[in-house]
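A.B. asks: If it helps, the file is called work-v2.cif and holds mmCIF, C-alpha atoms and all ligand atoms:
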data_target
#
loop_
_atom_site.label_atom_id
_atom_site.label_comp_id
_atom_site.auth_asym_id
_atom_site.auth_seq_id
_atom_site.Cartn_x
_atom_site.Cartn_y
_atom_site.Cartn_z
CA MET A 1 -47.36 62.58 9.84
CA LYS A 2 -45.43 62.17 13.04
CA ILE A 3 -44.76 58.49 13.70
CA LYS A 4 -45.80 58.86 17.36
CA ASN A 5 -49.29 59.70 16.06
CA LEU A 6 -49.29 56.66 13.77
CA TYR A 7 -48.90 54.50 16.87
CA LYS A 8 -51.92 56.25 18.39
CA ILE A 9 -54.28 55.67 15.46
CA LYS A 10 -53.23 52.28 14.12
CA LYS A 11 -52.29 48.90 15.57
CA PRO A 12 -50.19 47.14 14.53
CA VAL A 13 -47.99 49.62 12.67
CA ILE A 14 -45.76 47.77 10.20
CA SER A 15 -42.49 49.42 9.21
CA PHE A 16 -39.36 48.53 7.25
CA GLU A 17 -35.70 49.50 7.55
CA ILE A 18 -33.60 49.93 4.41
CA PHE A 19 -30.01 51.06 3.92
CA PRO A 20 -28.57 53.37 1.26
CA PRO A 21 -26.44 51.72 -1.41
CA ASN A 22 -22.69 51.80 -1.03
CA GLU A 23 -21.08 54.72 -2.93
CA LYS A 24 -19.86 52.29 -5.62
CA TYR A 25 -23.48 51.94 -6.72
CA PRO A 26 -25.82 54.60 -8.05
CA ILE A 27 -28.44 55.84 -5.62
CA GLU A 28 -31.12 54.76 -8.10
CA SER A 29 -30.47 51.13 -7.20
CA VAL A 30 -32.29 51.61 -3.90
CA TYR A 31 -35.26 53.24 -5.62
CA GLU A 32 -36.03 49.95 -7.34
CA THR A 33 -36.11 48.36 -3.89
CA ILE A 34 -38.42 51.06 -2.56
CA ASP A 35 -40.71 50.70 -5.61
CA GLU A 36 -41.31 47.10 -4.58
CA LEU A 37 -41.46 47.68 -0.81
CA ALA A 38 -44.01 50.47 -1.33
CA LYS A 39 -46.40 47.93 -2.86
CA LEU A 40 -46.49 46.19 0.53
CA LYS A 41 -47.91 49.41 2.02
CA PRO A 42 -45.67 49.82 5.07
CA ASP A 43 -46.73 52.52 7.52
CA PHE A 44 -43.23 53.98 7.47
CA ILE A 45 -39.77 53.21 6.10
CA SER A 46 -36.60 53.99 8.01
CA VAL A 47 -33.30 54.73 6.26
CA THR A 48 -30.03 53.98 8.04
CA TYR A 49 -27.21 56.49 8.37
CA GLY A 50 -23.89 55.07 7.19
CA ALA A 51 -20.60 54.89 8.95
CA GLY A 52 -19.13 57.85 7.08
CA GLY A 53 -18.29 59.51 3.78
CA THR A 54 -20.62 60.40 0.95
CA ILE A 55 -23.07 57.65 1.78
CA ARG A 56 -24.35 59.74 4.73
CA GLY A 57 -25.81 62.39 2.45
CA ARG A 58 -27.80 59.67 0.77
CA THR A 59 -29.90 59.05 3.87
CA VAL A 60 -31.54 62.47 3.70
CA GLU A 61 -31.95 62.19 -0.06
CA ILE A 62 -33.61 58.78 0.14
CA ALA A 63 -35.81 59.73 3.10
CA SER A 64 -36.95 62.86 1.23
CA ARG A 65 -37.83 60.82 -1.83
CA ILE A 66 -39.81 58.27 0.20
CA LYS A 67 -41.99 61.13 1.39
CA LYS A 68 -42.26 63.01 -1.88
CA VAL A 69 -42.62 60.25 -4.45
CA TYR A 70 -44.25 57.43 -2.50
CA GLY A 71 -46.19 59.42 0.09
CA ILE A 72 -44.89 57.04 2.76
CA GLU A 73 -43.64 58.42 6.06
CA PRO A 74 -39.81 58.24 6.25
CA LEU A 75 -37.81 57.83 9.43
CA SER A 76 -34.35 59.25 8.81
CA HIS A 77 -31.65 57.74 11.03
CA LEU A 78 -29.07 60.17 12.35
CA THR A 79 -25.96 59.35 14.38
CA CYS A 80 -24.04 61.87 16.45
CA PHE A 81 -20.75 60.15 17.28
CA GLY A 82 -17.98 62.49 16.15
CA ALA A 83 -20.43 65.06 14.75
CA LYS A 84 -20.14 68.79 15.26
CA ASN A 85 -23.11 70.87 16.29
CA ASN A 86 -23.18 72.75 12.98
CA GLU A 87 -23.17 69.49 10.98
CA ILE A 88 -26.22 68.28 12.86
CA GLU A 89 -27.89 71.65 12.33
CA ASP A 90 -27.26 71.39 8.56
CA ILE A 91 -28.89 67.98 8.42
CA LEU A 92 -31.88 69.15 10.45
CA LYS A 93 -32.30 72.06 8.03
CA LYS A 94 -32.23 69.71 5.03
CA LEU A 95 -34.76 67.39 6.64
CA LYS A 96 -37.05 70.27 7.44
CA LYS A 97 -36.78 71.64 3.92
CA ASN A 98 -37.87 68.25 2.58
CA ASN A 99 -40.73 67.81 5.06
CA VAL A 100 -39.08 64.86 6.79
CA GLU A 101 -40.35 65.15 10.34
CA ASN A 102 -39.24 61.83 11.88
CA ILE A 103 -35.70 61.10 13.03
CA LEU A 104 -34.19 58.03 14.71
CA ALA A 105 -31.58 59.61 16.97
CA LEU A 106 -28.56 57.39 17.58
CA ARG A 107 -25.06 57.66 18.89
CA GLY A 108 -23.49 55.39 16.31
CA ASP A 109 -20.77 52.82 16.83
CA PHE A 110 -17.17 53.63 17.71
CA PRO A 111 -14.73 53.36 14.79
CA LYS A 112 -13.30 49.85 14.42
CA ASP A 113 -9.74 51.09 15.02
CA ASN A 114 -10.84 52.78 18.30
CA SER A 115 -9.45 56.09 17.04
CA GLU A 116 -10.41 59.19 19.01
CA ILE A 117 -12.91 61.35 17.19
CA LYS A 118 -13.94 64.54 18.90
CA GLY A 119 -17.54 65.52 18.47
CA ASP A 120 -20.10 67.67 20.25
CA PHE A 121 -22.42 64.84 21.32
CA LYS A 122 -21.30 62.00 23.52
CA TYR A 123 -24.55 60.04 23.73
CA ALA A 124 -27.82 59.73 21.83
CA SER A 125 -29.63 61.50 24.69
CA LYS A 126 -27.67 64.68 23.87
CA LEU A 127 -28.70 64.43 20.21
CA ILE A 128 -32.33 63.96 21.24
CA GLU A 129 -32.09 67.05 23.44
CA LYS A 130 -30.72 69.01 20.47
CA ILE A 131 -33.33 67.80 17.97
CA LYS A 132 -36.20 68.31 20.38
CA LYS A 133 -35.37 72.00 20.64
CA GLU A 134 -36.85 72.15 17.14
CA LYS A 135 -40.48 71.46 17.86
CA GLU A 136 -41.31 70.06 14.42
CA PHE A 137 -39.48 66.75 14.82
CA CYS A 138 -40.76 63.47 16.18
CA VAL A 139 -37.84 61.46 17.55
CA GLY A 140 -37.29 57.74 17.97
CA ALA A 141 -34.37 56.08 19.75
CA ALA A 142 -32.81 52.62 20.04
CA PHE A 143 -33.11 50.09 22.85
CA TYR A 144 -31.45 46.77 23.55
CA PRO A 145 -33.58 43.89 24.90
CA GLU A 146 -30.39 41.94 25.70
CA GLY A 147 -28.57 45.02 27.00
CA HIS A 148 -26.00 47.16 25.19
CA GLN A 149 -22.49 45.72 24.83
CA GLU A 150 -20.77 48.68 26.52
CA THR A 151 -22.84 48.93 29.71
CA ASN A 152 -24.45 46.65 32.26
CA ASP A 153 -28.20 46.07 31.91
CA LEU A 154 -29.25 48.21 34.87
CA LEU A 155 -27.24 51.23 33.79
CA ASP A 156 -28.42 50.82 30.22
CA LEU A 157 -32.04 51.00 31.42
CA PHE A 158 -31.18 54.09 33.42
CA TYR A 159 -29.69 55.74 30.31
CA LEU A 160 -32.68 54.66 28.25
CA LYS A 161 -34.82 56.59 30.68
CA GLU A 162 -32.62 59.62 30.00
CA LYS A 163 -33.45 59.34 26.28
CA VAL A 164 -37.14 59.26 27.11
CA LYS A 165 -36.74 62.19 29.50
CA GLU A 166 -35.07 64.20 26.71
CA GLY A 167 -38.14 63.63 24.55
CA ALA A 168 -37.87 60.32 22.64
CA ASP A 169 -41.37 59.59 21.32
CA PHE A 170 -40.95 55.88 20.57
CA LEU A 171 -38.23 53.21 20.77
CA ILE A 172 -37.09 50.60 18.26
CA SER A 173 -35.25 47.51 19.41
CA GLN A 174 -31.99 45.95 18.45
CA ILE A 175 -32.57 42.58 16.81
CA PHE A 176 -33.25 39.53 18.99
CA PHE A 177 -34.09 35.92 18.21
CA ASP A 178 -35.84 34.97 21.43
CA ASN A 179 -38.98 36.98 22.12
CA ASN A 180 -38.62 36.46 25.86
CA TYR A 181 -35.83 39.05 25.89
CA PHE A 182 -38.30 41.57 24.50
CA TYR A 183 -41.09 40.66 26.96
CA ASP A 184 -38.74 40.79 29.98
CA PHE A 185 -37.38 44.15 28.89
CA LYS A 186 -40.89 45.52 28.37
CA ASN A 187 -41.82 44.46 31.92
CA LYS A 188 -38.81 46.35 33.29
CA CYS A 189 -39.74 49.44 31.28
CA ASP A 190 -43.32 49.27 32.60
CA LYS A 191 -41.98 49.21 36.16
CA LEU A 192 -39.73 52.19 35.43
CA GLY A 193 -42.58 54.20 33.93
CA ILE A 194 -41.20 54.11 30.37
CA ASN A 195 -44.54 54.14 28.61
CA ILE A 196 -43.83 55.23 25.04
CA PRO A 197 -44.24 52.61 22.25
CA LEU A 198 -41.57 49.88 22.37
CA ILE A 199 -41.24 48.43 18.89
CA PRO A 200 -39.58 45.06 18.27
CA GLY A 201 -37.09 45.01 15.39
CA ILE A 202 -37.02 41.67 13.59
CA ILE A 203 -34.45 40.48 11.09
CA PRO A 204 -35.08 37.56 8.77
CA VAL A 205 -31.77 35.70 8.58
CA THR A 206 -31.55 34.20 5.13
CA ASN A 207 -27.88 33.46 4.64
CA ALA A 208 -25.18 31.96 6.81
CA LYS A 209 -22.65 34.80 6.37
CA GLN A 210 -25.16 37.32 7.69
CA ILE A 211 -25.46 35.64 11.06
CA ASN A 212 -21.76 35.86 11.98
CA LYS A 213 -21.74 39.54 11.10
CA ILE A 214 -24.87 40.21 13.12
CA THR A 215 -23.71 38.46 16.26
CA GLU A 216 -20.31 40.11 16.01
CA LEU A 217 -21.86 43.56 15.62
CA CYS A 218 -24.63 43.48 18.17
CA GLY A 219 -24.07 40.39 20.31
CA SER A 220 -27.63 39.05 19.98
CA THR A 221 -28.02 35.55 21.38
CA ILE A 222 -28.74 32.74 18.95
CA PRO A 223 -31.10 30.33 20.73
CA PRO A 224 -30.32 26.58 20.31
CA LYS A 225 -33.50 26.10 18.26
CA PHE A 226 -32.36 28.69 15.72
CA GLN A 227 -28.71 27.54 15.81
CA LYS A 228 -29.87 24.06 14.85
CA ILE A 229 -31.59 25.47 11.75
CA LEU A 230 -28.57 27.59 10.80
CA THR A 231 -26.16 24.68 11.14
CA ARG A 232 -28.40 22.23 9.35
CA TYR A 233 -28.94 24.40 6.25
CA GLU A 234 -25.81 26.58 6.12
CA ASN A 235 -24.72 25.02 2.81
CA ASN A 236 -28.15 25.05 1.23
CA PRO A 237 -29.11 28.67 0.48
CA GLU A 238 -32.68 27.90 -0.59
CA ALA A 239 -33.45 25.80 2.48
CA LEU A 240 -31.82 28.35 4.78
CA LYS A 241 -33.83 31.17 3.23
CA GLU A 242 -37.08 29.26 3.70
CA ALA A 243 -36.22 28.39 7.30
CA GLY A 244 -35.07 31.96 8.06
CA ILE A 245 -38.32 33.40 6.78
CA ALA A 246 -40.33 30.84 8.78
CA TYR A 247 -38.39 31.70 11.95
CA ALA A 248 -38.99 35.46 11.51
CA VAL A 249 -42.69 34.87 10.79
CA GLU A 250 -43.02 32.78 13.96
CA GLN A 251 -41.39 35.55 16.01
CA ILE A 252 -43.61 38.20 14.42
CA ILE A 253 -46.87 36.30 14.93
CA ASP A 254 -46.00 35.64 18.56
CA LEU A 255 -45.21 39.34 19.12
CA LEU A 256 -48.35 40.53 17.34
CA SER A 257 -50.49 38.07 19.32
CA SER A 258 -48.96 39.50 22.50
CA GLY A 259 -50.20 42.98 21.57
CA VAL A 260 -47.06 44.86 20.49
CA PRO A 261 -47.84 48.27 18.92
CA GLY A 262 -45.92 47.45 15.75
CA ILE A 263 -43.22 45.44 14.04
CA HIS A 264 -40.11 46.94 12.45
CA ILE A 265 -38.56 44.64 9.85
CA TYR A 266 -34.86 44.96 9.11
CA THR A 267 -35.31 44.23 5.40
CA MET A 268 -31.60 44.23 4.40
CA ASN A 269 -33.09 45.56 1.12
CA LYS A 270 -34.32 42.04 0.28
CA VAL A 271 -37.64 42.60 -1.38
CA ASP A 272 -38.51 38.93 -2.02
CA VAL A 273 -37.95 38.00 1.62
CA VAL A 274 -40.08 40.85 2.99
CA THR A 275 -42.80 40.20 0.43
CA GLU A 276 -43.03 36.60 1.57
CA ILE A 277 -43.14 37.59 5.24
CA MET A 278 -45.92 40.07 4.57
CA ARG A 279 -47.84 37.43 2.64
CA ARG A 280 -47.59 35.01 5.55
CA ILE A 281 -48.74 37.51 8.19
CA LYS A 282 -51.46 39.15 6.07
CA TYR A 283 -54.53 37.72 7.87
CA VAL A 284 -53.06 38.09 11.35
CA LYS A 285 -52.25 41.74 10.64
CA GLU A 286 -55.67 42.44 9.11
CA HIS A 287 -57.46 40.69 11.98
CA LEU A 288 -55.61 42.76 14.57
CA GLN A 289 -56.17 46.00 12.66
CA GLU A 290 -59.92 45.27 12.64
CA VAL A 291 -60.22 44.48 16.36
CA ASN A 292 -57.87 47.17 17.66
P1 LIG A 301 -26.68 55.59 23.40
O1 LIG A 301 -28.10 55.60 23.81
O2 LIG A 301 -25.93 56.86 23.48
O3 LIG A 301 -25.95 54.48 24.29
C1 LIG A 301 -24.63 54.04 23.98
C2 LIG A 301 -23.99 53.42 25.20
O4 LIG A 301 -23.66 54.45 26.13
C3 LIG A 301 -24.90 52.45 25.94
O5 LIG A 301 -24.12 51.44 26.47
C4 LIG A 301 -25.51 53.29 27.05
O6 LIG A 301 -25.92 52.53 28.16
C5 LIG A 301 -24.33 54.22 27.37
N1 LIG A 301 -24.74 55.55 27.87
C6 LIG A 301 -25.76 56.31 27.42
N2 LIG A 301 -25.80 57.49 28.08
C7 LIG A 301 -24.74 57.47 28.97
C8 LIG A 301 -24.23 58.39 29.93
N3 LIG A 301 -24.81 59.57 30.16
N4 LIG A 301 -23.12 58.05 30.64
C9 LIG A 301 -22.51 56.84 30.44
N5 LIG A 301 -22.97 55.93 29.53
C10 LIG A 301 -24.06 56.24 28.81
N6 LIG A 301 -25.79 52.78 13.81
C11 LIG A 301 -25.43 53.54 12.76
O7 LIG A 301 -24.24 53.89 12.61
N7 LIG A 301 -26.34 53.95 11.81
C12 LIG A 301 -27.68 53.60 11.91
O8 LIG A 301 -28.48 53.98 11.06
C13 LIG A 301 -28.09 52.79 13.02
N8 LIG A 301 -29.39 52.45 13.18
C14 LIG A 301 -29.77 51.73 14.29
C15 LIG A 301 -31.13 51.42 14.48
C16 LIG A 301 -31.56 50.70 15.59
C17 LIG A 301 -33.02 50.40 15.79
C18 LIG A 301 -30.59 50.24 16.54
C19 LIG A 301 -31.01 49.44 17.73
C20 LIG A 301 -29.24 50.54 16.37
C21 LIG A 301 -28.81 51.29 15.25
N9 LIG A 301 -27.46 51.64 15.06
C22 LIG A 301 -27.09 52.40 13.98
C23 LIG A 301 -26.43 51.15 15.99
C24 LIG A 301 -26.18 52.13 17.16
O9 LIG A 301 -25.58 53.30 16.66
C25 LIG A 301 -25.26 51.42 18.15
O10 LIG A 301 -25.93 50.35 18.76
C26 LIG A 301 -24.56 52.29 19.20
O11 LIG A 301 -23.54 51.50 19.82
C27 LIG A 301 -25.44 52.82 20.30
O12 LIG A 301 -26.32 53.75 19.86
P2 LIG A 301 -27.44 54.38 20.84
O13 LIG A 301 -28.14 55.41 20.09
O14 LIG A 301 -28.25 53.30 21.47
O15 LIG A 301 -26.46 55.03 21.93
#
Write out the structure in this file as structure tokens.
Ligand code: FAD

C.D. replies:
Amino acid sequence: MKIKNLYKIKKPVISFEIFPPNEKYPIESVYETIDELAKLKPDFISVTYGAGGTIRGRTVEIASRIKKVYGIEPLSHLTCFGAKNNEIEDILKKLKKNNVENILALRGDFPKDNSEIKGDFKYASKLIEKIKKEKEFCVGAAFYPEGHQETNDLLDLFYLKEKVKEGADFLISQIFFDNNYFYDFKNKCDKLGINIPLIPGIIPVTNAKQINKITELCGSTIPPKFQKILTRYENNPEALKEAGIAYAVEQIIDLLSSGVPGIHIYTMNKVDVVTEIMRRIKYVKEHLQEVN
């Protein structure tokens, strides 16, 4: 099923993001993760597209298996930075052949060494335009409640509108730790006439190392309330895990109570953490599904 239709028939839609294992590990290692995540009955599972090399091929393989073996809708991420037109066409063919009809169209990050890589697509909007020529795909795109690091907030909104104009069917957010960023951004989108589903992406932070990497990569603000928790428990993994789960649950319940169409959980392939979150939001989710 096309994910845009899921958002029409169900509220809230609960989805998970997973990543393919590094090439040092067999692909089967992620199937054990999916076995467990499938028991939580997510409405769809997205699979990230790695920074390069053989790991990229794994995204299509894993997405195809999610559909075929688990009967869960996959959302296959695809980045276009440095990609040639024919490479993208090959991937679209493979996805089609495996009945994967949902793609998260992204530009991808620049290489860390800033090296020039020539590709046929400069921005995600160009990839969306390309994919949408093939009528069978439903396409999601990314948005940034705190703005994107490379552009100012106003321009970023303008370019987001371009992605919607090219045919994006729904939008998934970059992580944030203060829900007000999401609500403010949603208000701006409403004013601009961006009226496709805006889905908050939530990450449970359960270890201290993770947080430095996250803030370095995407620049999300750590509110003082959360910083206090991170500092207090950074040397106590069990306490930090408990507090990180509680923080994510609080964010999720606030978002659900405010009527968001769905929640996308960046699982980091941590089954126990996601299982606990789902346990803690069970009645809120069921209540909302009954009344909506
Ligand atoms: P774009 O929408 O192309 O925007 C990139 C920048 O260019 C922005 O600053 C934008 O304002 C600007 N811009 C856009 N159009 C124009 C224009 N016409 N002229 C000038 N400037 C313009 N990365 C991966 O490598 N693999 C993944 O699987 C992955 N999954 C992600 C999932 C989500 C939900 C999110 C939020 C991000 C993900 N990323 C992933 C990271 C993403 O690739 C980076 O954030 C990247 O820097 C931007 O991607 P984008 O698709 O938003 O780019």

A.B. asks: Tell me which of A:Gly119, A:Gly167, A:Pro200, A:Pro145 sits closest to Lys84 in chain A, counting all atoms listed in the file.

C.D. replies: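 Result for the nearest residue to Lys84 in chain A: A:Gly119.
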
A.B. asks: In terms of the shortest atom-to-atom distance over all atoms listed in the file, which of A:Phe110, A:Tyr7, A:Tyr31, A:Phe226 is closest to ligand LIG 301 (chain A)?

C.D. replies: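 Selected residue with least distance to ligand LIG 301 (chain A): A:Phe110.
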
A.B. asks: Name the residues in contact with Val271 in chain A at a cut-off of 8 Å, using all atoms listed in the file, excluding same-chain residues fewer than 4 positions from it; report them as a list in words.

C.D. replies: Thr33, Glu36, Leu37, Thr267 and Thr275 of chain A

A.B. asks: Per residue of chain A within 8 Å of ligand LIG 301 (chain A), what are the shortest atom pair and its distance in Å to one decimal, counting only C-alpha atoms and all ligand atoms, with rows by chain and residue number, as a Markdown table?

C.D. replies:
| residue | atom | partner | partner_atom | distance |
| --- | --- | --- | --- | --- |
| A:Phe19 | CA | A:LIG301 | O8 | 7.9 |
| A:Val47 | CA | A:LIG301 | O8 | 6.8 |
| A:Thr48 | CA | A:LIG301 | O8 | 3.4 |
| A:Tyr49 | CA | A:LIG301 | O8 | 3.9 |
| A:Gly50 | CA | A:LIG301 | N7 | 5.3 |
| A:Ala51 | CA | A:LIG301 | O7 | 5.3 |
| A:His77 | CA | A:LIG301 | O8 | 4.9 |
| A:Leu78 | CA | A:LIG301 | O8 | 6.4 |
| A:Thr79 | CA | A:LIG301 | O7 | 6.0 |
| A:Leu104 | CA | A:LIG301 | C15 | 7.3 |
| A:Ala105 | CA | A:LIG301 | O13 | 6.3 |
| A:Leu106 | CA | A:LIG301 | O13 | 3.2 |
| A:Arg107 | CA | A:LIG301 | O13 | 4.0 |
| A:Gly108 | CA | A:LIG301 | O9 | 3.0 |
| A:Asp109 | CA | A:LIG301 | O11 | 4.3 |
| A:Phe110 | CA | A:LIG301 | O11 | 7.0 |
| A:Lys122 | CA | A:LIG301 | O2 | 6.9 |
| A:Tyr123 | CA | A:LIG301 | O2 | 3.5 |
| A:Ala124 | CA | A:LIG301 | O2 | 3.8 |
| A:Ser125 | CA | A:LIG301 | O2 | 6.1 |
| A:Ala141 | CA | A:LIG301 | O13 | 6.3 |
| A:Ala142 | CA | A:LIG301 | C19 | 4.3 |
| A:Phe143 | CA | A:LIG301 | C19 | 5.6 |
| A:Tyr144 | CA | A:LIG301 | C19 | 6.4 |
| A:Gly147 | CA | A:LIG301 | O5 | 7.8 |
| A:His148 | CA | A:LIG301 | O5 | 4.8 |
| A:Gln149 | CA | A:LIG301 | O5 | 6.2 |
| A:Glu150 | CA | A:LIG301 | O5 | 4.3 |
| A:Thr151 | CA | A:LIG301 | O5 | 4.3 |
| A:Asn152 | CA | A:LIG301 | O6 | 7.3 |
| A:Asp153 | CA | A:LIG301 | O6 | 7.8 |
| A:Leu155 | CA | A:LIG301 | O6 | 5.9 |
| A:Asp156 | CA | A:LIG301 | O6 | 3.7 |
| A:Leu157 | CA | A:LIG301 | O6 | 7.1 |
| A:Phe158 | CA | A:LIG301 | O6 | 7.6 |
| A:Tyr159 | CA | A:LIG301 | N2 | 4.8 |
| A:Leu160 | CA | A:LIG301 | O1 | 6.4 |
| A:Glu162 | CA | A:LIG301 | N2 | 7.4 |
| A:Lys163 | CA | A:LIG301 | O1 | 7.0 |
| A:Leu171 | CA | A:LIG301 | C17 | 7.7 |
| A:Ile172 | CA | A:LIG301 | C17 | 4.8 |
| A:Ser173 | CA | A:LIG301 | C19 | 5.0 |
| A:Gln174 | CA | A:LIG301 | C19 | 3.7 |
| A:Ile175 | CA | A:LIG301 | C19 | 7.1 |
| A:Gly201 | CA | A:LIG301 | C17 | 6.8 |
| A:Cys218 | CA | A:LIG301 | O10 | 7.0 |

A.B. asks: Find the residues near range 178-194 of chain A: any atom within 7 Å, counting all atoms listed in the file, skip ones fewer than 6 places away on the same chain, and give them as a list in words.

C.D. replies: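 Here the qualifying residues turn out to be Pro145, Glu146, Lys161, Pro223 and Gln251 of chain A.
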
A.B. asks: List as a list of chain:residue names the protein and nucleic acid residues near range 206-213 of chain A, meaning an atom at most 8 Å away when only C-alpha atoms are counted, but skip any in the same chain fewer than 2 places from it.

C.D. replies: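 Result of the neighbour search: A:Pro204, A:Thr215, A:Glu216, A:Leu217, A:Leu230, A:Glu234, A:Pro237, A:Leu240, A:Lys241, A:Glu242, A:Ala243, A:Gly244, A:Ile245.
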
A.B. asks: Taking 3 positions as the minimum chain separation for residues in the same chain, which residues sit within 10 Å of Arg280 in chain A when counting all atoms listed in the file? Answer as a compact mmCIF listing (two decimals) with C-alpha atoms, keeping the file's coordinate frame.

C.D. replies:
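Contents of selection-v2.txt, as written:
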# COMPACT_ATOMS: atom_id res chain seq x y z
CA ILE A 245 -38.32 33.40 6.78
CA ALA A 246 -40.33 30.84 8.78
CA VAL A 249 -42.69 34.87 10.79
CA GLU A 250 -43.02 32.78 13.96
CA ILE A 253 -46.87 36.30 14.93
CA VAL A 274 -40.08 40.85 2.99
CA THR A 275 -42.80 40.20 0.43
CA GLU A 276 -43.03 36.60 1.57
CA ILE A 277 -43.14 37.59 5.24
CA TYR A 283 -54.53 37.72 7.87
CA VAL A 284 -53.06 38.09 11.35
CA LYS A 285 -52.25 41.74 10.64

A.B. asks: For Asp120 in chain A, which residue among A:Pro224, A:Gly140, A:Gly82, A:Pro74 is the nearest when counting all atoms listed in the file?

C.D. replies: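 The closest residue to Asp120 in chain A is A:Gly82.
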
A.B. asks: Can you tell me how far CA of Lys165 in chain A sits from CA of Val260 in chain A, in Å to one decimal?

C.D. replies: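 Computing the Euclidean distance for CA of Lys165 in chain A and CA of Val260 in chain A yields 22.1 Å.
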
A.B. asks: For Lys8 in chain A, find every residue with an atom within 12 Å (counting all atoms listed in the file), except residues of its own chain fewer than 3 positions away, and show them as number ranges by chain.

C.D. replies: A: 1-5, 11-13, 169-170, 196-197, 261-262, 292

A.B. asks: One decimal, in Å: what's the spacing between CA of Asp272 in chain A and CA of Leu40 in chain A?

C.D. replies: 11.1 Å

A.B. asks: Could you work out how far CA of Val205 in chain A lies from CA of Thr59 in chain A, giving the answer in Å with one decimal?

C.D. replies: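 Computing it gives 23.9 Å between the two atoms.
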
A.B. asks: Compile a residue-level contact table for range 122-171 of chain A against range 99-102 of chain A at a cut-off of 12 Å, reporting for every qualifying residue the shortest atom pair and its distance in Å to one decimal, with all atoms listed in the file counted, rows ordered by chain and ascending number, as JSON lines.

C.D. replies:
{"residue": "A:Ile128", "atom": "CA", "partner": "A:Asn102", "partner_atom": "CA", "distance": 11.8}
{"residue": "A:Ile131", "atom": "CA", "partner": "A:Asn102", "partner_atom": "CA", "distance": 10.4}
{"residue": "A:Lys132", "atom": "CA", "partner": "A:Asn102", "partner_atom": "CA", "distance": 11.1}
{"residue": "A:Glu134", "atom": "CA", "partner": "A:Glu101", "partner_atom": "CA", "distance": 10.4}
{"residue": "A:Lys135", "atom": "CA", "partner": "A:Glu101", "partner_atom": "CA", "distance": 9.8}
{"residue": "A:Glu136", "atom": "CA", "partner": "A:Glu101", "partner_atom": "CA", "distance": 6.5}
{"residue": "A:Phe137", "atom": "CA", "partner": "A:Glu101", "partner_atom": "CA", "distance": 4.8}
{"residue": "A:Cys138", "atom": "CA", "partner": "A:Asn102", "partner_atom": "CA", "distance": 4.8}
{"residue": "A:Val139", "atom": "CA", "partner": "A:Asn102", "partner_atom": "CA", "distance": 5.9}
{"residue": "A:Gly140", "atom": "CA", "partner": "A:Asn102", "partner_atom": "CA", "distance": 7.6}
{"residue": "A:Ala141", "atom": "CA", "partner": "A:Asn102", "partner_atom": "CA", "distance": 10.9}
{"residue": "A:Ala168", "atom": "CA", "partner": "A:Asn102", "partner_atom": "CA", "distance": 11.0}
{"residue": "A:Asp169", "atom": "CA", "partner": "A:Asn102", "partner_atom": "CA", "distance": 9.9}
{"residue": "A:Phe170", "atom": "CA", "partner": "A:Asn102", "partner_atom": "CA", "distance": 10.7}

A.B. asks: Show me the residues close to (-37.0, 60.9, -2.4) - anything with an atom within 12 Å, counting all atoms listed in the file - and format the list as a PyMOL selection string.

C.D. replies: chain A and resi 20+27-28+30-31+34-35+45+47+58-74+76+95+98-100

A.B. asks: Would you mind telling me which residue in A:Leu127, A:Ile88, A:Leu288, A:Ile229 lies nearest to Leu255 in chain A when using all atoms listed in the file?

C.D. replies: A:Leu288
